[in-house]
Amino acid sequence: MKRICVFCGSSSGENKRYRAMAVELGRALAARGLGLVFGGGRVGLMGAIADAVLAAGGEAIGVIPEDLKKKELAHTGLSDLRVVGSMHERKALMERLSDGFIAMPGGFGTLDEFCEILTWAQLGLHRKPCGMLNVDGYFDSFLRFVDHSVSQGFIRKEHRGLLIDGADPAKLLDLLGRRRPPPVKKWLHRP
């Protein structure tokens with residue numbers, strides 16, 4: 001792996017550990033020689049992880065749509081800032097630039113980006129590892145929902161295995177590095 005895409009909030013949230021874990025993950029990426037691909041903002045968790053990667057001598061590539069460039073306060077000190085025309089282009093470019101994906105605490109945008117990437121893995125459009133950095137149980141309810149979806153027959157058990165979760169940045173990176181997503185056969189059963 002050369003680069004990890006991190007989806008996270010343009011806010012820092014209410015829990016100070018969210019920001020602390022963004023900094024820890026950023027340092028861990030740089031220490032392993034892994035570049036960061038992220039949403040391109042200089043505020044919130046996005047800014048915290050990018051600044052940590054850059055301060056540790058790592059590579060940080062931001063991908064931001066033109067209309068969000070001012071709203072999310074685009075980070076101007078990155079290794080590379082790519083400005084795209086739409087959110088769809090943003091996600092596609094982030095996927096192409098990355099060898100793995102991590103979701104950190106965030107809102108609708110974070111979940112949208114991560115769930116789309118996870119869906120692409122389910123459909124066999126990529127075979128890159130996908131993980132959630134579950135800081136202080138932030139994603140516990142989401143993970144229970146996924147397990148409920150498995151029990152109700154909407155997500156297959158083997159596809160549940162596409163989603164890795166952990167609370168420690170270094171350990172999560174280890175898991176992503178070792179993970180080889182299962183081959184996707186037929187994901188839909190027809191009656």
# chains A, B, ... in the order shown; residues from 1 in each chain; ligands from 1

$ closest_atom_pairs --of "region 36-118 of chain A" --to "region 133-139 of chain A" --cutoff "8 Å" --atoms "only C-alpha atoms" --output "Markdown table"
| residue | atom | partner | partner_atom | distance |
| --- | --- | --- | --- | --- |
| A:Ile102 | CA | A:Leu133 | CA | 6.7 |
| A:Ala103 | CA | A:Leu133 | CA | 6.1 |
| A:Met104 | CA | A:Leu133 | CA | 5.2 |
| A:Pro105 | CA | A:Tyr138 | CA | 6.5 |

$ select_by_dssp --residues "region 5-189 of chain A" --states "helix (DSSP H, G or I)" --output "PDB file with C-alpha atoms, in the first residue's frame"
ATOM      1  CA  LYS A  16     -11.476  15.928  22.123  1.00  0.00           C
ATOM      2  CA  ARG A  17     -10.290  12.376  21.435  1.00  0.00           C
ATOM      3  CA  TYR A  18     -11.582  12.560  17.867  1.00  0.00           C
ATOM      4  CA  ARG A  19      -9.001  15.214  17.041  1.00  0.00           C
ATOM      5  CA  ALA A  20      -6.303  13.432  19.067  1.00  0.00           C
ATOM      6  CA  MET A  21      -6.917  10.197  17.133  1.00  0.00           C
ATOM      7  CA  ALA A  22      -6.827  12.096  13.819  1.00  0.00           C
ATOM      8  CA  VAL A  23      -3.385  13.393  14.781  1.00  0.00           C
ATOM      9  CA  GLU A  24      -2.278   9.931  15.914  1.00  0.00           C
ATOM     10  CA  LEU A  25      -3.497   8.351  12.670  1.00  0.00           C
ATOM     11  CA  GLY A  26      -1.746  11.050  10.642  1.00  0.00           C
ATOM     12  CA  ARG A  27       1.544  10.419  12.440  1.00  0.00           C
ATOM     13  CA  ALA A  28       1.143   6.656  12.020  1.00  0.00           C
ATOM     14  CA  LEU A  29       0.554   7.041   8.277  1.00  0.00           C
ATOM     15  CA  ALA A  30       3.678   9.176   7.845  1.00  0.00           C
ATOM     16  CA  ALA A  31       5.776   6.845  10.044  1.00  0.00           C
ATOM     17  CA  GLY A  44     -11.937  19.917  11.679  1.00  0.00           C
ATOM     18  CA  LEU A  45     -10.611  16.385  11.627  1.00  0.00           C
ATOM     19  CA  MET A  46      -9.620  16.823   7.977  1.00  0.00           C
ATOM     20  CA  GLY A  47      -7.232  19.632   8.863  1.00  0.00           C
ATOM     21  CA  ALA A  48      -5.925  17.822  11.940  1.00  0.00           C
ATOM     22  CA  ILE A  49      -4.957  14.647  10.084  1.00  0.00           C
ATOM     23  CA  ALA A  50      -3.443  16.518   7.143  1.00  0.00           C
ATOM     24  CA  ASP A  51      -1.395  18.769   9.426  1.00  0.00           C
ATOM     25  CA  ALA A  52      -0.150  15.735  11.393  1.00  0.00           C
ATOM     26  CA  VAL A  53       0.910  13.921   8.214  1.00  0.00           C
ATOM     27  CA  LEU A  54       2.682  16.993   6.852  1.00  0.00           C
ATOM     28  CA  ALA A  55       4.394  17.803  10.180  1.00  0.00           C
ATOM     29  CA  GLU A  66     -14.868  23.562  -6.605  1.00  0.00           C
ATOM     30  CA  ASP A  67     -18.077  24.565  -4.806  1.00  0.00           C
ATOM     31  CA  LEU A  68     -16.719  23.304  -1.453  1.00  0.00           C
ATOM     32  CA  MET A  87     -18.814  15.108  -5.291  1.00  0.00           C
ATOM     33  CA  HIS A  88     -19.034  12.159  -7.690  1.00  0.00           C
ATOM     34  CA  GLU A  89     -15.700  13.124  -9.248  1.00  0.00           C
ATOM     35  CA  ARG A  90     -14.244  13.572  -5.768  1.00  0.00           C
ATOM     36  CA  LYS A  91     -15.131  10.034  -4.690  1.00  0.00           C
ATOM     37  CA  ALA A  92     -13.945   8.489  -7.944  1.00  0.00           C
ATOM     38  CA  LEU A  93     -10.581  10.277  -7.778  1.00  0.00           C
ATOM     39  CA  MET A  94     -10.115   9.446  -4.102  1.00  0.00           C
ATOM     40  CA  GLU A  95     -10.712   5.783  -4.911  1.00  0.00           C
ATOM     41  CA  ARG A  96      -8.206   5.827  -7.794  1.00  0.00           C
ATOM     42  CA  LEU A  97      -5.516   7.520  -5.686  1.00  0.00           C
ATOM     43  CA  PHE A 108     -23.466  12.521   6.486  1.00  0.00           C
ATOM     44  CA  GLY A 109     -20.602  13.247   4.081  1.00  0.00           C
ATOM     45  CA  THR A 110     -18.250  10.851   5.830  1.00  0.00           C
ATOM     46  CA  LEU A 111     -20.854   8.086   5.852  1.00  0.00           C
ATOM     47  CA  ASP A 112     -21.797   8.765   2.232  1.00  0.00           C
ATOM     48  CA  GLU A 113     -18.211   8.549   1.020  1.00  0.00           C
ATOM     49  CA  PHE A 114     -17.314   5.503   3.096  1.00  0.00           C
ATOM     50  CA  CYS A 115     -20.517   3.572   2.352  1.00  0.00           C
ATOM     51  CA  GLU A 116     -20.119   4.174  -1.374  1.00  0.00           C
ATOM     52  CA  ILE A 117     -16.537   2.879  -1.284  1.00  0.00           C
ATOM     53  CA  LEU A 118     -17.697  -0.125   0.766  1.00  0.00           C
ATOM     54  CA  THR A 119     -20.487  -0.763  -1.748  1.00  0.00           C
ATOM     55  CA  TRP A 120     -17.950  -0.665  -4.587  1.00  0.00           C
ATOM     56  CA  ALA A 121     -15.972  -3.346  -2.728  1.00  0.00           C
ATOM     57  CA  GLN A 122     -19.165  -5.413  -2.312  1.00  0.00           C
ATOM     58  CA  VAL A 135     -12.902   6.257  18.447  1.00  0.00           C
ATOM     59  CA  ASP A 136     -14.606   5.860  21.836  1.00  0.00           C
ATOM     60  CA  GLY A 137     -17.350   3.733  20.282  1.00  0.00           C
ATOM     61  CA  ASP A 140     -20.844   1.169  17.568  1.00  0.00           C
ATOM     62  CA  SER A 141     -24.431   1.888  16.483  1.00  0.00           C
ATOM     63  CA  PHE A 142     -23.471   1.766  12.813  1.00  0.00           C
ATOM     64  CA  LEU A 143     -21.710  -1.574  13.288  1.00  0.00           C
ATOM     65  CA  ARG A 144     -24.767  -2.965  15.103  1.00  0.00           C
ATOM     66  CA  PHE A 145     -26.905  -1.798  12.186  1.00  0.00           C
ATOM     67  CA  VAL A 146     -24.602  -3.602   9.729  1.00  0.00           C
ATOM     68  CA  ASP A 147     -24.791  -6.789  11.807  1.00  0.00           C
ATOM     69  CA  HIS A 148     -28.588  -6.430  11.971  1.00  0.00           C
ATOM     70  CA  SER A 149     -28.643  -6.071   8.165  1.00  0.00           C
ATOM     71  CA  VAL A 150     -26.677  -9.324   7.921  1.00  0.00           C
ATOM     72  CA  SER A 151     -29.138 -11.094  10.232  1.00  0.00           C
ATOM     73  CA  LYS A 157     -21.914 -12.593   5.802  1.00  0.00           C
ATOM     74  CA  GLU A 158     -18.917 -12.594   3.478  1.00  0.00           C
ATOM     75  CA  HIS A 159     -19.576  -8.949   2.633  1.00  0.00           C
ATOM     76  CA  ARG A 160     -19.657  -8.064   6.346  1.00  0.00           C
ATOM     77  CA  PRO A 169      -4.847   3.749  14.603  1.00  0.00           C
ATOM     78  CA  ALA A 170      -1.657   1.647  14.383  1.00  0.00           C
ATOM     79  CA  LYS A 171      -3.502  -1.646  14.873  1.00  0.00           C
ATOM     80  CA  LEU A 172      -6.134  -0.672  12.311  1.00  0.00           C
ATOM     81  CA  LEU A 173      -3.384   0.107   9.787  1.00  0.00           C
ATOM     82  CA  ASP A 174      -1.858  -3.309  10.530  1.00  0.00           C
ATOM     83  CA  LEU A 175      -5.216  -4.981   9.867  1.00  0.00           C
ATOM     84  CA  LEU A 176      -5.677  -3.051   6.614  1.00  0.00           C
ATOM     85  CA  GLY A 177      -2.176  -3.990   5.497  1.00  0.00           C
ATOM     86  CA  ARG A 178      -2.830  -7.705   6.061  1.00  0.00           C
TER      87      ARG A 178
END

$ select_by_dssp --residues "region 19-167 of chain A" --states "strand (DSSP E)" --output "list in words"
Gly35, Leu36, Val37, Phe38, Ala60, Ile61, Gly62, Val63, Ile64, Pro65, Asp80, Leu81, Arg82, Val83, Val84, Gly100, Phe101, Ile102, Ala103, Cys130, Gly131, Met132, Leu133, Leu163, Ile164, Asp165 and Gly166 of chain A
